[in-house]
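Have a look at input_32.cif below; it lists mmCIF, C-alpha atoms.
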```
data_final
loop_
_atom_site.label_atom_id
_atom_site.label_comp_id
_atom_site.auth_asym_id
_atom_site.auth_seq_id
_atom_site.Cartn_x
_atom_site.Cartn_y
_atom_site.Cartn_z
CA MET A 1 32.92 169.62 -52.29
CA LEU A 2 34.38 170.53 -48.90
CA LYS A 3 31.59 172.99 -48.23
CA ALA A 4 29.07 170.20 -48.70
CA TRP A 5 30.85 168.02 -46.15
CA PHE A 6 31.60 170.61 -43.48
CA GLN A 7 29.01 173.11 -42.30
CA ASP A 8 30.92 174.47 -39.31
CA PRO A 9 33.28 177.33 -40.39
CA LEU A 10 36.12 176.09 -38.17
CA GLN A 11 35.91 172.54 -39.51
CA LEU A 12 35.70 173.86 -43.06
CA GLY A 13 38.77 176.02 -42.49
CA LEU A 14 40.76 173.10 -41.12
CA ALA A 15 39.73 170.92 -44.07
CA GLN A 16 40.74 173.64 -46.53
CA SER A 17 44.09 174.05 -44.74
CA ALA A 18 44.71 170.31 -44.94
CA ALA A 19 43.93 170.27 -48.66
CA ALA A 20 46.27 173.17 -49.36
CA ALA A 21 49.03 171.62 -47.23
CA VAL A 22 48.74 168.30 -49.05
CA ALA A 23 49.06 170.09 -52.40
CA ALA A 24 52.23 171.83 -51.19
CA LEU A 25 53.69 168.59 -49.85
CA ILE A 26 53.05 166.80 -53.14
CA VAL A 27 55.13 169.43 -54.91
CA VAL A 28 57.90 169.06 -52.31
CA LEU A 29 57.92 165.28 -52.75
CA LEU A 30 58.12 165.67 -56.52
CA ALA A 31 61.09 167.98 -56.03
CA ARG A 32 62.71 165.36 -53.78
CA ARG A 33 62.81 162.94 -56.69
CA ARG A 34 65.13 165.42 -58.39
CA GLY A 35 67.42 165.62 -55.37
CA ILE A 36 65.93 168.84 -53.97
CA HIS A 37 65.28 168.40 -50.24
CA LEU A 38 62.87 170.95 -48.79
CA GLU A 39 60.68 168.63 -46.71
CA SER A 40 61.65 169.77 -43.22
CA GLU A 41 61.80 173.46 -44.13
CA THR A 42 58.39 173.29 -45.81
CA MET A 43 56.76 171.43 -42.91
CA VAL A 44 58.15 173.87 -40.35
CA ALA A 45 57.10 176.85 -42.48
CA MET A 46 53.53 175.59 -42.90
CA VAL A 47 53.06 174.72 -39.23
CA ARG A 48 54.55 178.00 -38.07
CA GLY A 49 52.58 179.95 -40.64
CA LEU A 50 49.26 178.42 -39.60
CA VAL A 51 49.87 178.84 -35.87
CA GLN A 52 51.16 182.38 -36.28
CA ILE A 53 48.33 183.62 -38.48
CA VAL A 54 45.67 182.16 -36.17
CA ALA A 55 47.35 183.70 -33.12
CA VAL A 56 47.86 187.05 -34.82
CA GLY A 57 44.29 187.07 -36.09
CA SER A 58 43.00 186.59 -32.55
CA ILE A 59 45.28 189.30 -31.18
CA LEU A 60 44.48 191.74 -33.99
CA LEU A 61 40.78 191.39 -33.27
CA LEU A 62 41.50 192.99 -29.89
CA LEU A 63 44.20 195.44 -30.96
CA LEU A 64 42.26 196.83 -33.91
CA ARG A 65 39.74 198.14 -31.42
CA GLY A 66 42.41 199.93 -29.39
CA PRO A 67 43.97 203.41 -29.70
CA ARG A 68 45.73 204.38 -32.91
CA TRP A 69 49.21 204.55 -31.35
CA THR A 70 49.22 200.76 -31.00
CA SER A 71 49.60 200.51 -34.77
CA VAL A 72 53.14 201.90 -34.48
CA PHE A 73 54.02 199.17 -31.98
CA LEU A 74 52.51 196.47 -34.19
CA LEU A 75 54.38 197.62 -37.29
CA ALA A 76 57.68 197.86 -35.37
CA VAL A 77 57.30 194.27 -34.15
CA MET A 78 56.54 193.17 -37.71
CA MET A 79 59.72 194.84 -38.98
CA VAL A 80 61.91 193.08 -36.43
CA ALA A 81 60.26 189.73 -37.18
CA ALA A 82 60.70 190.37 -40.90
CA GLY A 83 64.39 191.13 -40.36
CA ALA A 84 64.88 187.85 -38.51
CA THR A 85 63.08 185.87 -41.21
CA SER A 86 64.92 187.55 -44.06
CA ALA A 87 68.31 187.11 -42.41
CA ARG A 88 67.97 183.33 -42.65
CA ARG A 89 68.43 183.64 -46.41
CA ALA A 90 71.88 185.12 -45.85
CA LYS A 91 73.63 182.26 -44.07
CA GLY A 92 77.24 182.98 -43.23
CA MET A 93 76.98 186.71 -43.91
CA PRO A 94 78.10 188.91 -41.00
CA GLU A 95 75.41 190.94 -39.21
CA ALA A 96 72.70 189.67 -41.55
CA PHE A 97 69.95 190.25 -38.97
CA LYS A 98 71.10 193.78 -38.21
CA VAL A 99 71.38 194.66 -41.90
CA SER A 100 68.01 193.10 -42.73
CA THR A 101 66.17 194.82 -39.90
CA TRP A 102 67.64 198.22 -40.65
CA ALA A 103 66.97 197.87 -44.37
CA ILE A 104 63.35 196.78 -43.89
CA ALA A 105 62.75 199.48 -41.30
CA CYS A 106 64.22 202.17 -43.57
CA GLY A 107 62.50 200.94 -46.71
CA SER A 108 59.01 200.12 -45.51
CA GLY A 109 59.05 202.50 -42.53
CA SER A 110 59.87 205.57 -44.59
CA VAL A 111 57.22 204.78 -47.22
CA ILE A 112 54.59 204.12 -44.55
CA THR A 113 55.46 207.37 -42.77
CA VAL A 114 55.42 209.54 -45.89
CA MET A 115 52.29 207.98 -47.36
CA THR A 116 50.46 208.29 -44.03
CA TRP A 117 51.51 211.93 -43.74
CA LEU A 118 50.27 212.61 -47.27
CA GLY A 119 46.96 210.92 -46.52
CA VAL A 120 47.47 208.06 -48.97
CA ILE A 121 47.24 205.57 -46.09
CA ASP A 122 44.46 206.14 -43.56
CA THR A 123 45.67 206.50 -39.97
CA ALA A 124 42.94 204.17 -38.69
CA ILE A 125 44.39 200.91 -37.38
CA THR A 126 42.07 198.90 -39.62
CA SER A 127 43.76 200.52 -42.64
CA LEU A 128 47.29 201.35 -41.49
CA VAL A 129 48.19 197.92 -40.10
CA PRO A 130 46.98 195.79 -43.06
CA VAL A 131 48.54 198.08 -45.68
CA GLY A 132 51.71 198.51 -43.63
CA SER A 133 52.04 194.77 -43.19
CA MET A 134 51.87 194.30 -46.97
CA LEU A 135 54.72 196.76 -47.45
CA ILE A 136 56.80 195.11 -44.71
CA ALA A 137 56.17 191.59 -46.03
CA ASN A 138 57.19 192.51 -49.56
CA ALA A 139 60.24 194.41 -48.27
CA MET A 140 61.19 191.25 -46.35
CA ASN A 141 60.95 189.10 -49.47
CA THR A 142 62.93 191.60 -51.52
CA ASN A 143 65.64 191.83 -48.89
CA GLY A 144 65.91 188.05 -48.71
CA LEU A 145 66.25 187.82 -52.48
CA ALA A 146 68.88 190.56 -52.58
CA LEU A 147 71.05 189.06 -49.85
CA ASN A 148 70.72 185.54 -51.19
CA ARG A 149 71.65 186.63 -54.72
CA PHE A 150 74.56 188.72 -53.48
CA ARG A 151 75.90 185.84 -51.38
CA SER A 152 75.60 183.38 -54.26
CA ASP A 153 77.28 185.70 -56.77
CA VAL A 154 80.18 186.53 -54.48
CA LEU A 155 80.77 182.85 -53.62
CA ALA A 156 80.70 182.00 -57.32
CA HIS A 157 83.28 184.70 -58.11
CA VAL A 158 85.64 184.57 -55.14
CA GLY A 159 88.62 184.38 -57.47
CA GLU A 160 87.61 187.50 -59.40
CA VAL A 161 86.95 189.45 -56.20
CA GLU A 162 90.29 188.53 -54.64
CA THR A 163 92.11 189.26 -57.90
CA ALA A 164 90.56 192.71 -58.00
CA LEU A 165 91.64 193.31 -54.40
CA ALA A 166 95.16 192.13 -55.19
CA LEU A 167 95.35 194.57 -58.10
CA GLY A 168 94.49 197.49 -55.85
CA ALA A 169 90.72 197.81 -56.16
CA ASP A 170 88.92 198.71 -52.95
CA ALA A 171 86.35 196.39 -51.39
CA LYS A 172 83.31 198.28 -52.68
CA CYS A 173 84.51 198.28 -56.28
CA SER A 174 85.42 194.59 -56.21
CA VAL A 175 81.82 193.55 -55.43
CA ALA A 176 80.04 196.38 -57.28
CA PRO A 177 78.80 194.15 -60.17
CA TYR A 178 77.25 191.70 -57.70
CA VAL A 179 75.59 194.48 -55.72
CA GLN A 180 73.99 195.76 -58.92
CA ALA A 181 72.89 192.29 -60.02
CA SER A 182 71.36 191.45 -56.63
CA PHE A 183 69.49 194.76 -56.52
CA GLU A 184 68.03 194.26 -59.99
CA ALA A 185 67.08 190.62 -59.35
CA SER A 186 65.38 191.41 -56.04
CA LEU A 187 62.97 193.86 -57.69
CA ILE A 188 61.78 191.48 -60.43
CA PRO A 189 58.72 190.25 -58.45
CA ALA A 190 57.56 193.78 -57.56
CA ILE A 191 58.02 195.07 -61.11
CA ASP A 192 56.31 192.05 -62.65
CA SER A 193 53.38 192.43 -60.25
CA LEU A 194 52.83 195.97 -61.50
CA ARG A 195 53.33 194.94 -65.11
CA SER A 196 50.76 192.12 -64.90
CA LEU A 197 48.24 193.99 -62.74
CA GLY A 198 44.71 193.29 -63.93
CA ILE A 199 45.85 190.90 -66.66
CA VAL A 200 47.54 187.97 -64.94
CA TRP A 201 46.03 188.46 -61.50
CA ILE A 202 43.24 190.37 -59.74
CA PRO A 203 44.53 191.47 -56.32
CA GLY A 204 42.50 190.61 -53.24
CA LEU A 205 42.52 194.18 -51.92
CA MET A 206 40.61 195.46 -54.94
CA ALA A 207 38.18 192.56 -54.79
CA GLY A 208 37.56 193.24 -51.10
CA MET A 209 36.94 196.94 -51.75
CA LEU A 210 34.48 196.10 -54.53
CA LEU A 211 32.60 193.70 -52.26
CA SER A 212 32.44 196.37 -49.55
CA GLY A 213 30.75 198.78 -51.95
CA ALA A 214 33.64 200.95 -53.16
CA ARG A 215 33.48 202.46 -56.63
CA PRO A 216 35.22 200.16 -59.14
CA VAL A 217 37.49 202.88 -60.55
CA TYR A 218 38.63 203.99 -57.10
CA ALA A 219 39.21 200.40 -55.99
CA ALA A 220 41.35 199.78 -59.08
CA ILE A 221 43.33 202.99 -58.61
CA TYR A 222 43.96 202.31 -54.93
CA GLN A 223 45.21 198.82 -55.77
CA PHE A 224 47.70 200.43 -58.13
CA VAL A 225 48.68 202.83 -55.35
CA VAL A 226 49.40 199.92 -53.00
CA LEU A 227 51.55 198.10 -55.57
CA ALA A 228 53.44 201.31 -56.33
CA MET A 229 54.11 201.73 -52.60
CA ILE A 230 55.28 198.11 -52.46
CA LEU A 231 57.72 198.78 -55.29
CA ALA A 232 58.99 201.92 -53.54
CA SER A 233 59.47 200.25 -50.16
CA SER A 234 60.99 197.12 -51.73
CA GLY A 235 63.39 199.13 -53.86
CA LEU A 236 64.54 201.28 -50.96
CA THR A 237 64.93 198.20 -48.75
CA SER A 238 67.06 196.43 -51.35
CA LEU A 239 69.15 199.54 -51.94
CA VAL A 240 69.89 200.00 -48.23
CA SER A 241 70.48 196.29 -47.70
CA THR A 242 72.99 195.88 -50.52
CA LEU A 243 74.86 199.05 -49.55
CA LEU A 244 75.14 197.89 -45.93
CA ILE A 245 76.12 194.30 -46.62
CA ARG A 246 78.79 195.01 -49.24
CA THR A 247 81.25 196.29 -46.62
CA ARG A 248 80.43 193.65 -44.02
CA VAL A 249 81.67 190.75 -46.11
CA PHE A 250 85.22 192.08 -45.75
CA THR A 251 87.57 192.33 -42.79
CA PRO A 252 89.00 195.73 -41.79
CA ALA A 253 92.05 194.73 -43.88
CA GLU A 254 89.72 194.25 -46.89
CA GLN A 255 89.97 190.46 -46.93
CA LEU A 256 86.92 188.61 -48.22
CA LEU A 257 85.06 186.79 -45.43
CA LEU A 258 82.73 184.82 -47.69
CA GLN A 259 84.49 181.67 -48.82
CA PRO A 260 83.12 178.41 -50.32
CA GLY A 261 82.55 175.78 -47.68
CA ARG A 262 82.30 178.19 -44.77
#
```

Go ahead and express the file in the form of structure tokens.
Amino acid sequence: MLKAWFQDPLQLGLAQSAAAAVAALIVVLLARRRGIHLESETMVAMVRGLVQIVAVGSILLLLLRGPRWTSVFLLAVMMVAAGATSARRAKGMPEAFKVSTWAIACGSGSVITVMTWLGVIDTAITSLVPVGSMLIANAMNTNGLALNRFRSDVLAHVGEVETALALGADAKCSVAPYVQASFEASLIPAIDSLRSLGIVWIPGLMAGMLLSGARPVYAAIYQFVVLAMILASSGLTSLVSTLLIRTRVFTPAEQLLLQPGR
């Protein structure tokens, strides 16, 4: 219907964006009726997302034609931005930005480096940046889930944690169950994506490769490779993040910093 009304690609894109935004806002308004208020956060996220992707798309058009070393700079900037975004899900947790950035850099950065060295990821900017950004984005989401789950579990069990400390347990042992639970929960999306690959959803990367003329079997295998890399980078990110944050929620005297209402 929209294609029949708008012939200009820019106008069509704006109309499609408006339709998608309205659909998202309808869901948010329905949630509001149940006392869930996400209006401002959703509006800010959609406006920022649209402005950022348009700006980045324009910049990438120029950078993708530049020397290969610029890809390292682009990926590093993405990691820092991902750390800042992910840290917002860990309100009240000490050094959340530092922990998030280091975890994402270690998790996605190490996988990108090893896979590029092995030749799994092409060193061309047109390949390295898009694939690398997928790993970073998924590592960001995983880190946010891990920190948010850890924070919620600790706040819900402050009494148990402080009792364990009073009985002589060290800080790491007192929050060990919540570290494990947050790590497992954060990997559910990545594992389910692999489990449902080709049945529940057909990834866009494979579809794009097929349209560009790649052999169907190779396109399917490479899509699996990307999702396996996402699982590896996400898992390593969550592991580093939970190990770093578990000691930062305590004072040097091993007193719990996270408290309800703070």

Excluding same-chain residues fewer than 6 positions from region 191-198 of chain A, what lies within 8 Å of it counting all atoms listed in the file, as a PyMOL selection string?
chain A and resi 224+227-228+231

If we count all atoms listed in the file, what is near Ser233 (chain A) at a cut-off of 8 Å, once residues fewer than 3 positions away on the same chain are taken out, given as an NGL selection string?
:A and (107-111 or 135-136 or 139 or 229-230 or 236-237)

Restricting the output to C-alpha atoms, write the selected residues as a PDB file, keeping the file's coordinate frame.
```
ATOM      1  CA  GLY A 107      62.500 200.940 -46.710  1.00  0.00           C
ATOM      2  CA  SER A 108      59.010 200.120 -45.510  1.00  0.00           C
ATOM      3  CA  GLY A 109      59.050 202.500 -42.530  1.00  0.00           C
ATOM      4  CA  SER A 110      59.870 205.570 -44.590  1.00  0.00           C
ATOM      5  CA  VAL A 111      57.220 204.780 -47.220  1.00  0.00           C
ATOM      6  CA  LEU A 135      54.720 196.760 -47.450  1.00  0.00           C
ATOM      7  CA  ILE A 136      56.800 195.110 -44.710  1.00  0.00           C
ATOM      8  CA  ALA A 139      60.240 194.410 -48.270  1.00  0.00           C
ATOM      9  CA  MET A 229      54.110 201.730 -52.600  1.00  0.00           C
ATOM     10  CA  ILE A 230      55.280 198.110 -52.460  1.00  0.00           C
ATOM     11  CA  LEU A 236      64.540 201.280 -50.960  1.00  0.00           C
ATOM     12  CA  THR A 237      64.930 198.200 -48.750  1.00  0.00           C
TER      13      THR A 237
END
```

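Within the 8 Å cut-off around region 73-76 of chain A, using only C-alpha atoms and omitting residues fewer than 2 positions from it on the same chain, the listed residues are Trp69, Thr70, Ser71, Met78, Met79, Val80, Ala105, Val129, Gly132 and Ser133 of chain A.
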
Export of prior selection with C-alpha atoms as a PDB file, keeping the file's coordinate frame:
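And here's out05.pdb as it stands now:
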```pdb
ATOM      1  CA  TRP A  69      49.210 204.550 -31.350  1.00  0.00           C
ATOM      2  CA  THR A  70      49.220 200.760 -31.000  1.00  0.00           C
ATOM      3  CA  SER A  71      49.600 200.510 -34.770  1.00  0.00           C
ATOM      4  CA  MET A  78      56.540 193.170 -37.710  1.00  0.00           C
ATOM      5  CA  MET A  79      59.720 194.840 -38.980  1.00  0.00           C
ATOM      6  CA  VAL A  80      61.910 193.080 -36.430  1.00  0.00           C
ATOM      7  CA  ALA A 105      62.750 199.480 -41.300  1.00  0.00           C
ATOM      8  CA  VAL A 129      48.190 197.920 -40.100  1.00  0.00           C
ATOM      9  CA  GLY A 132      51.710 198.510 -43.630  1.00  0.00           C
ATOM     10  CA  SER A 133      52.040 194.770 -43.190  1.00  0.00           C
TER      11      SER A 133
END
```

Non-local contacts of region 168-181 of chain A (8 Å; only C-alpha atoms; under 3 positions in same chain excluded) as a PyMOL selection string
chain A and resi 149-150+153-154+161-162+164-165+184-185+242-243+246-247+250+254

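Here CA of Leu25 (chain A) and CA of Val47 (chain A) stand 12.3 Å from one another.
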
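CA of Pro189 (chain A) lies 21.4 Å from CA of Val27 (chain A).
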
Given the PyMOL selection byres ((chain A and resi 148) around 10) and the file above, list the residues it selects as a short mmCIF file (atom, residue, chain, number, x, y, z; two decimals) with C-alpha atoms, keeping the file's coordinate frame.
```cif
data_model
loop_
_atom_site.label_atom_id
_atom_site.label_comp_id
_atom_site.auth_asym_id
_atom_site.auth_seq_id
_atom_site.Cartn_x
_atom_site.Cartn_y
_atom_site.Cartn_z
CA SER A 86 64.92 187.55 -44.06
CA ALA A 87 68.31 187.11 -42.41
CA ARG A 88 67.97 183.33 -42.65
CA ARG A 89 68.43 183.64 -46.41
CA ALA A 90 71.88 185.12 -45.85
CA LYS A 91 73.63 182.26 -44.07
CA MET A 93 76.98 186.71 -43.91
CA THR A 142 62.93 191.60 -51.52
CA ASN A 143 65.64 191.83 -48.89
CA GLY A 144 65.91 188.05 -48.71
CA LEU A 145 66.25 187.82 -52.48
CA ALA A 146 68.88 190.56 -52.58
CA LEU A 147 71.05 189.06 -49.85
CA ARG A 149 71.65 186.63 -54.72
CA PHE A 150 74.56 188.72 -53.48
CA ARG A 151 75.90 185.84 -51.38
CA SER A 152 75.60 183.38 -54.26
CA ASP A 153 77.28 185.70 -56.77
CA SER A 182 71.36 191.45 -56.63
CA SER A 186 65.38 191.41 -56.04
#
```

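In this model, the gap between CA of Ala18 (chain A) and CA of Met46 (chain A) comes to 10.5 Å.
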
Pick from A:Arg34, A:Val77, A:Val99, A:Gln259 nearest to Val56 (chain A), counting all atoms listed in the file
A:Val77

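Taking only C-alpha atoms into account, Val54 (chain A) lies nearest to A:Ser17 out of the set A:Ser238, A:Ser17, A:Ala81, A:Ser40.
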
Of the residues A:Ala190, A:Ala103, A:Ala55, A:Leu256, which is the one nearest to Ser241 (chain A), using only C-alpha atoms?
A:Ala103

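Proximity to Cys106 (chain A) was assessed for A:Leu244, A:Ala24, A:Leu257, A:Val226 counting all atoms listed in the file; the smallest distance is recorded for A:Leu244.
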